[in-house]
$ cat coords_8.tsv   # TSV, C-alpha atoms
chain	number	residue	atom	x	y	z
Q	1	MET	CA	-17.67	-2.53	17.66
Q	2	ALA	CA	-20.93	-4.00	16.45
Q	3	GLY	CA	-21.99	-3.59	12.86
Q	4	VAL	CA	-18.70	-2.35	11.36
Q	5	THR	CA	-16.92	-4.15	8.56
Q	6	GLN	CA	-13.46	-5.68	8.89
Q	7	ALA	CA	-13.28	-7.53	5.58
Q	8	TRP	CA	-14.20	-6.83	1.98
Q	9	PRO	CA	-16.92	-9.14	0.58
Q	10	ARG	CA	-15.43	-12.02	-1.35
Q	11	PRO	CA	-16.24	-12.87	-4.97
Q	12	THR	CA	-18.91	-15.52	-5.43
Q	13	ARG	CA	-17.02	-17.32	-8.19
Q	14	PRO	CA	-13.37	-16.19	-8.21
Q	15	ARG	CA	-11.57	-16.32	-11.52
Q	16	PRO	CA	-8.16	-18.00	-11.82
Q	17	ILE	CA	-5.22	-15.75	-10.93
Q	18	VAL	CA	-1.96	-15.53	-12.87
Q	19	VAL	CA	0.85	-14.22	-10.68
Q	20	VAL	CA	3.56	-12.35	-12.56
Q	21	GLY	CA	6.55	-11.92	-10.28
Q	22	ALA	CA	7.22	-14.78	-7.88
Q	23	GLY	CA	9.50	-13.02	-5.41
Q	24	GLY	CA	9.27	-12.04	-1.76
Q	25	ILE	CA	5.95	-10.19	-1.64
Q	26	ALA	CA	4.18	-12.90	-3.65
Q	27	ARG	CA	5.47	-15.56	-1.27
Q	28	ALA	CA	4.90	-13.55	1.93
Q	29	ALA	CA	1.44	-12.16	1.24
Q	30	HIS	CA	-0.24	-12.68	-2.15
Q	31	LEU	CA	-0.05	-16.45	-2.45
Q	32	PRO	CA	-0.67	-17.22	1.25
Q	33	THR	CA	-3.83	-15.12	0.99
Q	34	TYR	CA	-5.09	-16.85	-2.14
Q	35	ARG	CA	-4.34	-20.26	-0.65
Q	36	ALA	CA	-6.14	-19.42	2.61
Q	37	LEU	CA	-9.23	-18.29	0.69
Q	38	GLY	CA	-9.17	-21.24	-1.69
Q	39	TRP	CA	-8.87	-19.04	-4.79
Q	40	PRO	CA	-7.55	-20.75	-7.92
Q	41	VAL	CA	-4.05	-19.83	-9.09
Q	42	ALA	CA	-3.60	-20.66	-12.77
Q	43	GLY	CA	0.16	-20.34	-12.64
Q	44	VAL	CA	3.17	-18.15	-11.95
Q	45	TYR	CA	5.75	-16.42	-14.11
Q	46	ASP	CA	9.02	-14.73	-13.22
Q	47	LEU	CA	11.97	-13.59	-15.31
Q	48	ARG	CA	14.01	-15.83	-13.04
Q	49	ALA	CA	12.76	-19.30	-13.94
Q	50	HIS	CA	14.29	-20.91	-10.84
Q	51	VAL	CA	12.44	-18.44	-8.58
Q	52	ALA	CA	9.14	-19.16	-10.33
Q	53	LYS	CA	9.65	-22.90	-9.92
Q	54	ALA	CA	10.60	-22.64	-6.25
Q	55	THR	CA	7.53	-20.52	-5.52
Q	56	ALA	CA	5.25	-22.84	-7.47
Q	57	ASP	CA	6.62	-25.82	-5.57
Q	58	ALA	CA	6.15	-24.08	-2.22
Q	59	PHE	CA	2.47	-23.39	-2.94
Q	60	ALA	CA	1.65	-26.56	-4.90
Q	61	ILE	CA	0.97	-24.59	-8.09
Q	62	ASP	CA	0.98	-26.82	-11.14
Q	63	THR	CA	1.92	-24.34	-13.87
Q	64	VAL	CA	5.08	-22.31	-14.28
Q	65	PHE	CA	4.82	-20.22	-17.44
Q	66	ALA	CA	7.89	-20.15	-19.65
Q	67	SER	CA	7.26	-16.61	-20.87
Q	68	LEU	CA	5.11	-13.58	-20.24
Q	69	ALA	CA	3.29	-14.29	-23.50
Q	70	ASP	CA	2.36	-17.74	-22.20
Q	71	ALA	CA	1.16	-16.24	-18.92
Q	72	ALA	CA	-0.88	-13.60	-20.74
Q	73	GLY	CA	-2.58	-16.35	-22.73
Q	74	ALA	CA	-4.15	-18.01	-19.70
Q	75	PRO	CA	-7.90	-18.05	-20.48
Q	76	GLY	CA	-10.22	-15.99	-18.29
Q	77	ALA	CA	-7.46	-15.07	-15.85
Q	78	ILE	CA	-7.01	-12.07	-13.61
Q	79	PHE	CA	-3.39	-10.91	-13.57
Q	80	ASP	CA	-1.56	-10.11	-10.35
Q	81	LEU	CA	1.63	-8.16	-11.04
Q	82	ALA	CA	3.93	-8.56	-8.02
Q	83	VAL	CA	6.85	-6.69	-9.63
Q	84	PRO	CA	8.75	-3.44	-9.04
Q	85	GLY	CA	7.18	-0.25	-10.33
Q	86	ASP	CA	9.62	0.20	-13.19
Q	87	GLN	CA	8.50	-3.12	-14.76
Q	88	ILE	CA	4.74	-2.51	-14.74
Q	89	LEU	CA	4.27	-0.58	-17.99
Q	90	ALA	CA	6.02	-3.17	-20.16
Q	91	ILE	CA	3.84	-5.91	-18.68
Q	92	VAL	CA	0.43	-4.23	-18.90
Q	93	ALA	CA	1.20	-3.39	-22.54
Q	94	GLN	CA	1.32	-7.15	-23.27
Q	95	LEU	CA	-1.84	-8.20	-21.43
Q	96	PRO	CA	-4.94	-9.10	-23.46
Q	97	ARG	CA	-7.27	-6.24	-24.28
Q	98	GLY	CA	-10.12	-5.97	-21.81
Q	99	SER	CA	-8.45	-8.10	-19.15
Q	100	ALA	CA	-8.31	-7.39	-15.41
Q	101	VAL	CA	-5.06	-6.65	-13.58
Q	102	LEU	CA	-3.96	-5.87	-10.05
Q	103	MET	CA	-0.54	-4.20	-10.06
Q	104	GLN	CA	1.80	-3.82	-7.11
Q	105	LYS	CA	2.47	-0.35	-5.84
Q	106	PRO	CA	3.93	2.05	-6.78
Q	107	MET	CA	2.17	2.67	-10.07
Q	108	GLY	CA	5.52	3.20	-11.77
Q	109	PRO	CA	8.64	4.85	-10.35
Q	110	ASP	CA	7.29	8.41	-10.76
Q	111	LEU	CA	4.28	10.39	-11.93
Q	112	GLY	CA	5.35	10.39	-15.58
Q	113	ALA	CA	5.49	6.60	-15.59
Q	114	ALA	CA	2.16	6.43	-13.76
Q	115	GLN	CA	0.56	8.60	-16.43
Q	116	ALA	CA	1.94	6.28	-19.14
Q	117	ILE	CA	0.51	3.26	-17.28
Q	118	LEU	CA	-2.86	4.99	-16.98
Q	119	ARG	CA	-2.90	5.76	-20.73
Q	120	CYS	CA	-1.99	2.16	-21.52
Q	121	CYS	CA	-4.77	0.82	-19.29
Q	122	ARG	CA	-7.29	3.13	-20.95
Q	123	GLU	CA	-6.13	2.27	-24.48
Q	124	ARG	CA	-6.26	-1.46	-23.79
Q	125	ALA	CA	-9.57	-1.20	-21.89
Q	126	LEU	CA	-8.07	-2.91	-18.85
Q	127	THR	CA	-9.92	-3.14	-15.55
Q	128	ALA	CA	-6.88	-2.13	-13.55
Q	129	ALA	CA	-6.24	-1.55	-9.86
Q	130	VAL	CA	-3.19	-0.85	-7.71
Q	131	ASN	CA	-2.51	-2.98	-4.64
Q	132	PHE	CA	-2.96	-0.26	-2.02
Q	133	GLN	CA	-3.94	-2.94	0.43
Q	134	LEU	CA	-3.55	-0.86	3.60
Q	135	ARG	CA	-7.00	0.57	2.85
Q	136	PHE	CA	-8.30	-2.96	3.41
Q	137	ALA	CA	-6.51	-3.73	6.69
Q	138	PRO	CA	-9.16	-4.70	9.27
Q	139	ASN	CA	-8.45	-1.72	11.54
Q	140	VAL	CA	-8.45	0.74	8.61
Q	141	LEU	CA	-11.80	-0.61	7.35
Q	142	VAL	CA	-13.22	-0.12	10.85
Q	143	LEU	CA	-11.77	3.38	11.00
Q	144	ARG	CA	-13.23	4.34	7.61
Q	145	ASP	CA	-16.63	2.99	8.66
Q	146	LEU	CA	-16.44	4.83	11.99
Q	147	ILE	CA	-15.57	8.14	10.30
Q	148	ALA	CA	-18.31	7.69	7.69
Q	149	ARG	CA	-20.88	7.18	10.45
Q	150	GLY	CA	-19.77	10.33	12.25
Q	151	GLY	CA	-18.41	8.31	15.14
Q	152	LEU	CA	-15.48	10.67	15.72
Q	153	GLY	CA	-17.16	13.89	14.63
Q	154	ASP	CA	-15.42	16.14	12.14
Q	155	ILE	CA	-11.79	15.05	11.73
Q	156	VAL	CA	-9.32	17.68	12.91
Q	157	ASP	CA	-6.03	15.84	13.41
Q	158	ILE	CA	-4.14	12.93	11.80
Q	159	ASP	CA	-0.73	11.74	12.97
Q	160	VAL	CA	1.27	8.86	11.48
Q	161	ARG	CA	4.38	7.78	13.37
Q	162	ILE	CA	6.64	5.08	11.90
Q	163	VAL	CA	9.90	4.59	13.79
Q	164	ILE	CA	11.31	1.21	12.76
Q	165	ASP	CA	14.37	-0.64	11.50
Q	166	GLN	CA	13.20	-1.60	8.02
Q	167	PRO	CA	15.09	-4.57	6.50
Q	168	TRP	CA	15.67	-2.85	3.16
Q	169	HIS	CA	18.21	-5.53	2.18
Q	170	VAL	CA	15.36	-8.03	1.76
Q	171	TRP	CA	14.34	-6.27	-1.45
Q	172	THR	CA	17.58	-6.12	-3.42
Q	173	PHE	CA	15.95	-4.33	-6.37
Q	174	LEU	CA	15.51	-1.27	-4.15
Q	175	GLU	CA	19.25	-0.58	-4.28
Q	176	ARG	CA	18.78	0.82	-7.79
Q	177	ALA	CA	15.59	2.78	-7.02
Q	178	PRO	CA	16.20	6.55	-7.36
Q	179	ARG	CA	13.33	7.16	-4.94
Q	180	LEU	CA	12.71	4.77	-2.11
Q	181	GLU	CA	10.97	5.55	1.16
Q	182	VAL	CA	7.86	7.32	-0.08
Q	183	PRO	CA	6.95	5.33	-3.25
Q	184	TYR	CA	7.85	1.92	-1.83
Q	185	HIS	CA	6.53	2.26	1.71
Q	186	SER	CA	4.96	5.45	2.98
Q	187	ILE	CA	2.84	5.71	-0.15
Q	188	HIS	CA	0.49	3.40	1.79
Q	189	TYR	CA	-0.07	6.00	4.51
Q	190	LEU	CA	-0.54	8.82	2.00
Q	191	ASP	CA	-3.04	6.72	0.06
Q	192	THR	CA	-4.93	5.72	3.20
Q	193	ILE	CA	-5.13	9.30	4.43
Q	194	ARG	CA	-6.55	10.34	1.06
Q	195	TRP	CA	-9.18	7.61	1.45
Q	196	LEU	CA	-10.08	8.73	4.96
Q	197	ALA	CA	-9.82	12.51	4.73
Q	198	GLY	CA	-10.03	13.44	1.05
Q	199	GLU	CA	-7.58	15.31	-1.14
Q	200	PRO	CA	-4.99	17.66	0.40
Q	201	SER	CA	-4.31	20.91	-1.41
Q	202	GLY	CA	-0.55	20.58	-1.03
Q	203	VAL	CA	2.35	18.99	0.81
Q	204	TYR	CA	5.47	19.94	2.71
Q	205	CYS	CA	8.14	17.24	2.68
Q	206	ARG	CA	11.77	16.49	3.38
Q	207	THR	CA	13.24	13.11	2.48
Q	208	LEU	CA	16.72	12.00	3.51
Q	209	ARG	CA	19.25	9.24	2.98
Q	210	HIS	CA	20.93	7.54	5.94
Q	211	PRO	CA	24.73	7.49	6.15
Q	212	ALA	CA	24.70	3.86	7.29
Q	213	LEU	CA	22.84	2.80	4.11
Q	214	PRO	CA	24.83	4.33	1.24
Q	215	ALA	CA	23.42	1.87	-1.33
Q	216	PHE	CA	19.86	3.11	-0.82
Q	217	ALA	CA	18.13	6.38	-1.64
Q	218	ASP	CA	15.91	8.15	0.91
Q	219	THR	CA	14.94	6.04	3.93
Q	220	ARG	CA	13.53	8.81	6.17
Q	221	SER	CA	10.87	11.47	5.61
Q	222	SER	CA	8.91	14.17	7.35
Q	223	ILE	CA	5.66	15.03	5.60
Q	224	VAL	CA	2.88	17.52	6.31
Q	225	LEU	CA	-0.29	17.37	4.20
Q	226	ASP	CA	-2.03	20.70	3.73
Q	227	TYR	CA	-5.75	20.56	4.43
Q	228	GLY	CA	-5.98	24.27	5.08
Q	229	ASP	CA	-7.31	25.11	8.53
Q	230	ARG	CA	-9.53	22.00	8.54
Q	231	ILE	CA	-7.10	19.20	9.49
Q	232	ARG	CA	-3.56	19.15	10.87
Q	233	CYS	CA	-1.90	16.13	9.26
Q	234	SER	CA	1.69	15.05	9.80
Q	235	LEU	CA	3.75	11.93	9.11
Q	236	THR	CA	7.01	11.06	10.88
Q	237	LEU	CA	8.73	8.29	8.92
Q	238	ASN	CA	12.03	6.89	10.18
Q	239	HIS	CA	12.91	3.51	8.73
Q	240	THR	CA	16.45	3.46	10.13
Q	241	HIS	CA	15.88	3.44	13.90
Q	242	ARG	CA	18.84	1.35	15.10
Q	243	ALA	CA	18.45	1.74	18.88
Q	244	GLY	CA	16.58	-1.52	19.47
Q	245	ALA	CA	12.94	-2.52	19.71
Q	246	THR	CA	11.99	-0.70	22.93
Q	247	HIS	CA	10.74	2.52	21.37
Q	248	ARG	CA	9.80	1.44	17.86
Q	249	ALA	CA	6.45	2.77	16.69
Q	250	SER	CA	4.00	1.94	13.90
Q	251	GLU	CA	0.76	3.82	14.43
Q	252	MET	CA	-1.77	6.36	13.26
Q	253	MET	CA	-3.87	8.59	15.51
Q	254	VAL	CA	-7.01	10.19	14.11
Q	255	GLU	CA	-8.82	12.77	16.24
Q	256	GLY	CA	-12.26	14.26	15.69
Q	257	LEU	CA	-14.38	16.75	17.59
Q	258	THR	CA	-16.18	14.01	19.53
Q	259	GLY	CA	-13.75	11.09	19.58
Q	260	ALA	CA	-10.42	9.65	18.56
Q	261	ALA	CA	-8.98	6.41	17.22
Q	262	ARG	CA	-5.50	4.90	17.34
Q	263	VAL	CA	-4.45	2.03	15.07
Q	264	THR	CA	-1.16	0.13	15.04
Q	265	TRP	CA	0.41	-2.06	12.35
Q	266	GLY	CA	2.59	-4.77	13.85
Q	267	VAL	CA	4.23	-5.96	10.65
Q	268	ASN	CA	6.50	-2.91	10.62
Q	269	LEU	CA	7.90	-3.73	14.05
Q	270	ALA	CA	9.35	-7.09	12.99
Q	271	TYR	CA	8.80	-7.77	9.28
Q	272	PRO	CA	7.09	-9.93	8.15
Q	273	SER	CA	5.68	-11.50	11.33
Q	274	GLY	CA	5.37	-8.73	13.87
Q	275	PRO	CA	2.78	-8.52	16.63
Q	276	PRO	CA	-0.94	-8.30	15.77
Q	277	ASP	CA	-2.45	-5.00	14.71
Q	278	THR	CA	-4.51	-3.12	17.27
Q	279	MET	CA	-7.22	-0.49	17.37
Q	280	ASP	CA	-8.49	1.66	20.23
Q	281	VAL	CA	-11.35	4.17	20.12
Q	282	ALA	CA	-11.93	7.00	22.59
Q	283	ARG	CA	-15.25	8.59	23.40
Q	284	MET	CA	-15.97	10.86	26.38
Q	285	GLY	CA	-12.37	10.39	27.49
Q	286	GLN	CA	-12.64	6.59	27.74
Q	287	TRP	CA	-10.53	4.35	25.50
Q	288	THR	CA	-11.89	0.99	24.36
Q	289	ALA	CA	-9.99	-1.73	22.50
Q	290	VAL	CA	-11.62	-3.02	19.30
Q	291	PRO	CA	-11.14	-6.77	18.65
Q	292	LEU	CA	-9.75	-7.33	15.13
Q	293	ARG	CA	-10.08	-10.30	12.78
Q	294	GLY	CA	-6.53	-9.91	11.53
Q	295	SER	CA	-3.77	-7.55	10.49
Q	296	TRP	CA	-2.27	-5.68	7.56
Q	297	PHE	CA	-0.19	-8.82	6.84
Q	298	THR	CA	-1.85	-10.75	5.49
Q	299	GLU	CA	-5.60	-10.14	5.82
Q	300	ALA	CA	-5.43	-6.76	4.05
Q	301	PHE	CA	-4.30	-8.51	0.88
Q	302	GLU	CA	-7.75	-10.08	0.57
Q	303	GLY	CA	-9.32	-6.72	-0.22
Q	304	PRO	CA	-7.82	-5.43	-3.50
Q	305	MET	CA	-8.18	-8.78	-5.28
Q	306	SER	CA	-11.66	-9.37	-3.85
Q	307	ASN	CA	-12.79	-5.95	-5.03
Q	308	LEU	CA	-11.25	-6.42	-8.49
Q	309	GLN	CA	-12.79	-9.86	-8.90
Q	310	ARG	CA	-16.18	-8.55	-7.79
Q	311	VAL	CA	-16.03	-5.59	-10.20
Q	312	VAL	CA	-15.27	-7.94	-13.09
Q	313	ALA	CA	-18.19	-10.16	-12.03
Q	314	GLY	CA	-20.56	-7.22	-11.62
Q	315	GLU	CA	-20.82	-7.72	-7.84
Q	316	ASP	CA	-19.11	-4.39	-6.96
Q	317	ARG	CA	-19.77	-1.12	-8.76
Q	318	VAL	CA	-16.66	0.77	-7.57
Q	319	LEU	CA	-13.03	-0.24	-8.09
Q	320	VAL	CA	-11.66	1.13	-4.82
Q	321	THR	CA	-7.98	1.31	-5.77
Q	322	GLY	CA	-8.44	1.62	-9.53
Q	323	VAL	CA	-5.79	3.36	-11.59
Q	324	GLU	CA	-8.04	6.41	-12.01
Q	325	ASP	CA	-7.82	6.93	-8.24
Q	326	ALA	CA	-4.27	5.63	-7.76
Q	327	ILE	CA	-2.92	8.31	-10.09
Q	328	LYS	CA	-3.90	10.87	-7.44
Q	329	THR	CA	-1.76	9.10	-4.86
Q	330	MET	CA	1.11	9.05	-7.35
Q	331	ALA	CA	0.66	12.80	-7.88
Q	332	LEU	CA	0.89	13.28	-4.11
Q	333	VAL	CA	4.12	11.26	-4.02
Q	334	GLU	CA	5.51	13.41	-6.83
Q	335	ALA	CA	4.62	16.53	-4.85
Q	336	CYS	CA	6.56	15.14	-1.88
Q	337	TYR	CA	9.77	14.93	-3.90
Q	338	THR	CA	9.22	18.32	-5.53
Q	339	SER	CA	8.80	19.82	-2.07
Q	340	SER	CA	11.86	18.03	-0.71
Q	341	ALA	CA	14.02	19.25	-3.58
Q	342	SER	CA	12.79	22.81	-3.11
Q	343	GLY	CA	14.08	23.07	0.44
Q	344	GLY	CA	12.64	24.93	3.38
Q	345	THR	CA	11.85	28.61	3.74
Q	346	PRO	CA	15.09	30.48	4.49
Q	347	VAL	CA	15.29	31.93	7.98
Q	348	PRO	CA	15.36	35.72	7.65
Q	349	ALA	CA	18.18	37.82	9.00
Q	350	TRP	CA	17.43	38.77	12.56
Q	351	GLU	CA	19.91	41.55	13.18
$ encode --input "coords_8.tsv" --output "structure tokens"
Amino acid sequence: MAGVTQAWPRPTRPRPIVVVGAGGIARAAHLPTYRALGWPVAGVYDLRAHVAKATADAFAIDTVFASLADAAGAPGAIFDLAVPGDQILAIVAQLPRGSAVLMQKPMGPDLGAAQAILRCCRERALTAAVNFQLRFAPNVLVLRDLIARGGLGDIVDIDVRIVIDQPWHVWTFLERAPRLEVPYHSIHYLDTIRWLAGEPSGVYCRTLRHPALPAFADTRSSIVLDYGDRIRCSLTLNHTHRAGATHRASEMMVEGLTGAARVTWGVNLAYPSGPPDTMDVARMGQWTAVPLRGSWFTEAFEGPMSNLQRVVAGEDRVLVTGVEDAIKTMALVEACYTSSASGGTPVPAWE
């Protein structure tokens, strides 16, 4: 599609990046992205010194910080926190006043923690964003542009279908997470839907464990976002589909009054190197494939850091995934768990 954007503009003069947390996501996505773009990495820090050294060696990074205080002292740096949600608050509280930080999602393990992180960012005058990078996936950027231009007409239907065998064991810290599927994965779809369709008035949700994964909390969810009579929006989220690859799914369908779009995210089908993402657009009953410049992994990871760097440099006016917006996604996640705990409407007696 001519004239639509598939990448966020890059900063003219990127500042050095300090990566705090040198584990799997930093190695799989953050650092490969920064290396591909030629952005300077000032150093890495991890509580596990051997992990920090191995990651630094793998990406030819000269500096491994011995402590968080040393990392926070890097001059002129932008901080990239690739750590679990329950570690974020303690880290942002130690960053220099007025600094810039990109924190991994979720913004804390629950809404209360997210509110504490937001207060800390305000008190310390941090320019702070959350790494909701799915907004910046090439096919999602095209979809947002298409909707904004009226290319689908008024949106009336949104369906997300994720039926995959997620390798939860890759992230060992998730075994202790009291909430799992929504804050550590499907939060991306909730956040992206907010970005595309605006704020829902409520949510219906049921999250469930899986008997084959007793060490983990919820790994499956059904979610309906309430947009009144304007949009029907549902999410089917099964991360424990064990029947083989044949019928796995990782897609979103958005329908408007004059057109429709379907996007797929291949990384879910075989993490972390699944098939390429796709996008198809329908008008007048005819579907057309849209060529894409890349996928969620790893091209989407360019966007949040590019936007943050550009805001700090005065090149962007809006921090797209800033904490002031991310708190709304965290509130939506909280509503999901409140709804799930409340249970469904009892079926009335029928005789």
$ closest_residue --input "coords_8.tsv" --among "Q:Ile162, Q:Val290, Q:Ala335, Q:Ile117" --to "Ala90 in chain Q" --atoms "only C-alpha atoms"
Q:Ile117
$ closest_residue --input "coords_8.tsv" --among "Q:Ala22, Q:Ala114, Q:Ala66, Q:Ile88" --to "Glu334 in chain Q" --atoms "all atoms listed in the file"
Q:Ala114
$ closest_atom_pairs --input "coords_8.tsv" --of "range 261-334 of chain Q" --to "range 37-54 of chain Q" --cutoff "12 Å" --atoms "all atoms listed in the file" --output "Markdown table"
| residue | atom | partner | partner_atom | distance |
| --- | --- | --- | --- | --- |
| Q:Thr298 | CA | Q:Leu37 | CA | 11.6 |
| Q:Glu299 | CA | Q:Leu37 | CA | 10.3 |
| Q:Phe301 | CA | Q:Leu37 | CA | 11.0 |
| Q:Glu302 | CA | Q:Leu37 | CA | 8.3 |
| Q:Gly303 | CA | Q:Leu37 | CA | 11.6 |
| Q:Met305 | CA | Q:Trp39 | CA | 10.3 |
| Q:Ser306 | CA | Q:Trp39 | CA | 10.1 |
| Q:Gln309 | CA | Q:Trp39 | CA | 10.8 |
$ closest_residue --input "coords_8.tsv" --among "Q:Ser201, Q:Thr338, Q:Thr329, Q:Gln6" --to "Leu225 in chain Q" --atoms "only C-alpha atoms"
Q:Ser201
$ residues_near_point --input "coords_8.tsv" --point "(-6.7, -3.5, -4.2)" --cutoff "12 Å" --atoms "only C-alpha atoms" --output "NGL selection string"
:Q and (8 or 30 or 80-81 or 100-105 or 127-137 or 188 or 191-192 or 300-311 or 318-323 or 325-326)
$ atom_distance --input "coords_8.tsv" --atom1 "CA of Arg209 in chain Q" --atom2 "CA of Gly21 in chain Q"
28.0 Å
$ atom_distance --input "coords_8.tsv" --atom1 "CA of Leu174 in chain Q" --atom2 "CA of Arg119 in chain Q"
25.8 Å
$ residues_around --input "coords_8.tsv" --residues "Arg27 in chain Q" --least-positions-apart "3" --cutoff "10 Å" --atoms "only C-alpha atoms" --output "VMD selection string"
chain Q and resid 21 to 24 30 to 33 55 to 56 58 to 59 82
$ residues_around --input "coords_8.tsv" --residues "Ser250 in chain Q" --least-positions-apart "2" --cutoff "10 Å" --atoms "only C-alpha atoms" --output "tab-separated table (two decimals) with C-alpha atoms, in the frame of the given file"
chain	number	residue	atom	x	y	z
Q	160	VAL	CA	1.27	8.86	11.48
Q	161	ARG	CA	4.38	7.78	13.37
Q	162	ILE	CA	6.64	5.08	11.90
Q	163	VAL	CA	9.90	4.59	13.79
Q	164	ILE	CA	11.31	1.21	12.76
Q	237	LEU	CA	8.73	8.29	8.92
Q	248	ARG	CA	9.80	1.44	17.86
Q	252	MET	CA	-1.77	6.36	13.26
Q	263	VAL	CA	-4.45	2.03	15.07
Q	264	THR	CA	-1.16	0.13	15.04
Q	265	TRP	CA	0.41	-2.06	12.35
Q	266	GLY	CA	2.59	-4.77	13.85
Q	267	VAL	CA	4.23	-5.96	10.65
Q	268	ASN	CA	6.50	-2.91	10.62
Q	269	LEU	CA	7.90	-3.73	14.05
Q	277	ASP	CA	-2.45	-5.00	14.71
$ atom_distance --input "coords_8.tsv" --atom1 "CA of Ala260 in chain Q" --atom2 "CA of Ala282 in chain Q"
5.1 Å
$ residues_around --input "coords_8.tsv" --residues "range 196-199 of chain Q" --least-positions-apart "5" --cutoff "8 Å" --atoms "all atoms listed in the file" --output "VMD selection string"
chain Q and resid 144 147 155 227
$ residues_around --input "coords_8.tsv" --residues "Ala116 in chain Q" --least-positions-apart "5" --cutoff "12 Å" --atoms "only C-alpha atoms" --output "short mmCIF file (atom, residue, chain, number, x, y, z; two decimals) with C-alpha atoms, in the coordinates of the input"
data_model
loop_
_atom_site.label_atom_id
_atom_site.label_comp_id
_atom_site.auth_asym_id
_atom_site.auth_seq_id
_atom_site.Cartn_x
_atom_site.Cartn_y
_atom_site.Cartn_z
CA ASP Q 86 9.62 0.20 -13.19
CA ILE Q 88 4.74 -2.51 -14.74
CA LEU Q 89 4.27 -0.58 -17.99
CA ALA Q 90 6.02 -3.17 -20.16
CA VAL Q 92 0.43 -4.23 -18.90
CA ALA Q 93 1.20 -3.39 -22.54
CA MET Q 107 2.17 2.67 -10.07
CA GLY Q 108 5.52 3.20 -11.77
CA PRO Q 109 8.64 4.85 -10.35
CA ASP Q 110 7.29 8.41 -10.76
CA LEU Q 111 4.28 10.39 -11.93
CA CYS Q 121 -4.77 0.82 -19.29
CA ARG Q 122 -7.29 3.13 -20.95
CA GLU Q 123 -6.13 2.27 -24.48
CA VAL Q 323 -5.79 3.36 -11.59
CA ILE Q 327 -2.92 8.31 -10.09
#
$ closest_residue --input "coords_8.tsv" --among "Q:Asp62, Q:Glu175, Q:His169, Q:Leu332" --to "Ile223 in chain Q" --atoms "all atoms listed in the file"
Q:Leu332
$ closest_residue --input "coords_8.tsv" --among "Q:Leu257, Q:Ala69, Q:Ala249, Q:Ala7" --to "Ala270 in chain Q" --atoms "only C-alpha atoms"
Q:Ala249
$ closest_residue --input "coords_8.tsv" --among "Q:Ala215, Q:Leu152, Q:Leu292, Q:Leu95" --to "Val140 in chain Q" --atoms "all atoms listed in the file"
Q:Leu292
$ residues_around --input "coords_8.tsv" --residues "Arg206 in chain Q" --least-positions-apart "2" --cutoff "8 Å" --atoms "only C-alpha atoms" --output "compact mmCIF listing (two decimals) with C-alpha atoms, in the coordinates of the input"
# COMPACT_ATOMS: atom_id res chain seq x y z
CA TYR Q 204 5.47 19.94 2.71
CA LEU Q 208 16.72 12.00 3.51
CA SER Q 221 10.87 11.47 5.61
CA SER Q 222 8.91 14.17 7.35
CA ILE Q 223 5.66 15.03 5.60
CA CYS Q 336 6.56 15.14 -1.88
CA TYR Q 337 9.77 14.93 -3.90
CA SER Q 339 8.80 19.82 -2.07
CA SER Q 340 11.86 18.03 -0.71
CA ALA Q 341 14.02 19.25 -3.58
CA GLY Q 343 14.08 23.07 0.44
$ axis_aligned_box --input "coords_8.tsv" --around "range 108-114 of chain Q" --padding-each-side "3 Å" --output "lines of an AutoDock Vina configuration file"
center_x = 5.4
center_y = 6.8
center_z = -13.0
size_x = 12.5
size_y = 13.2
size_z = 11.2
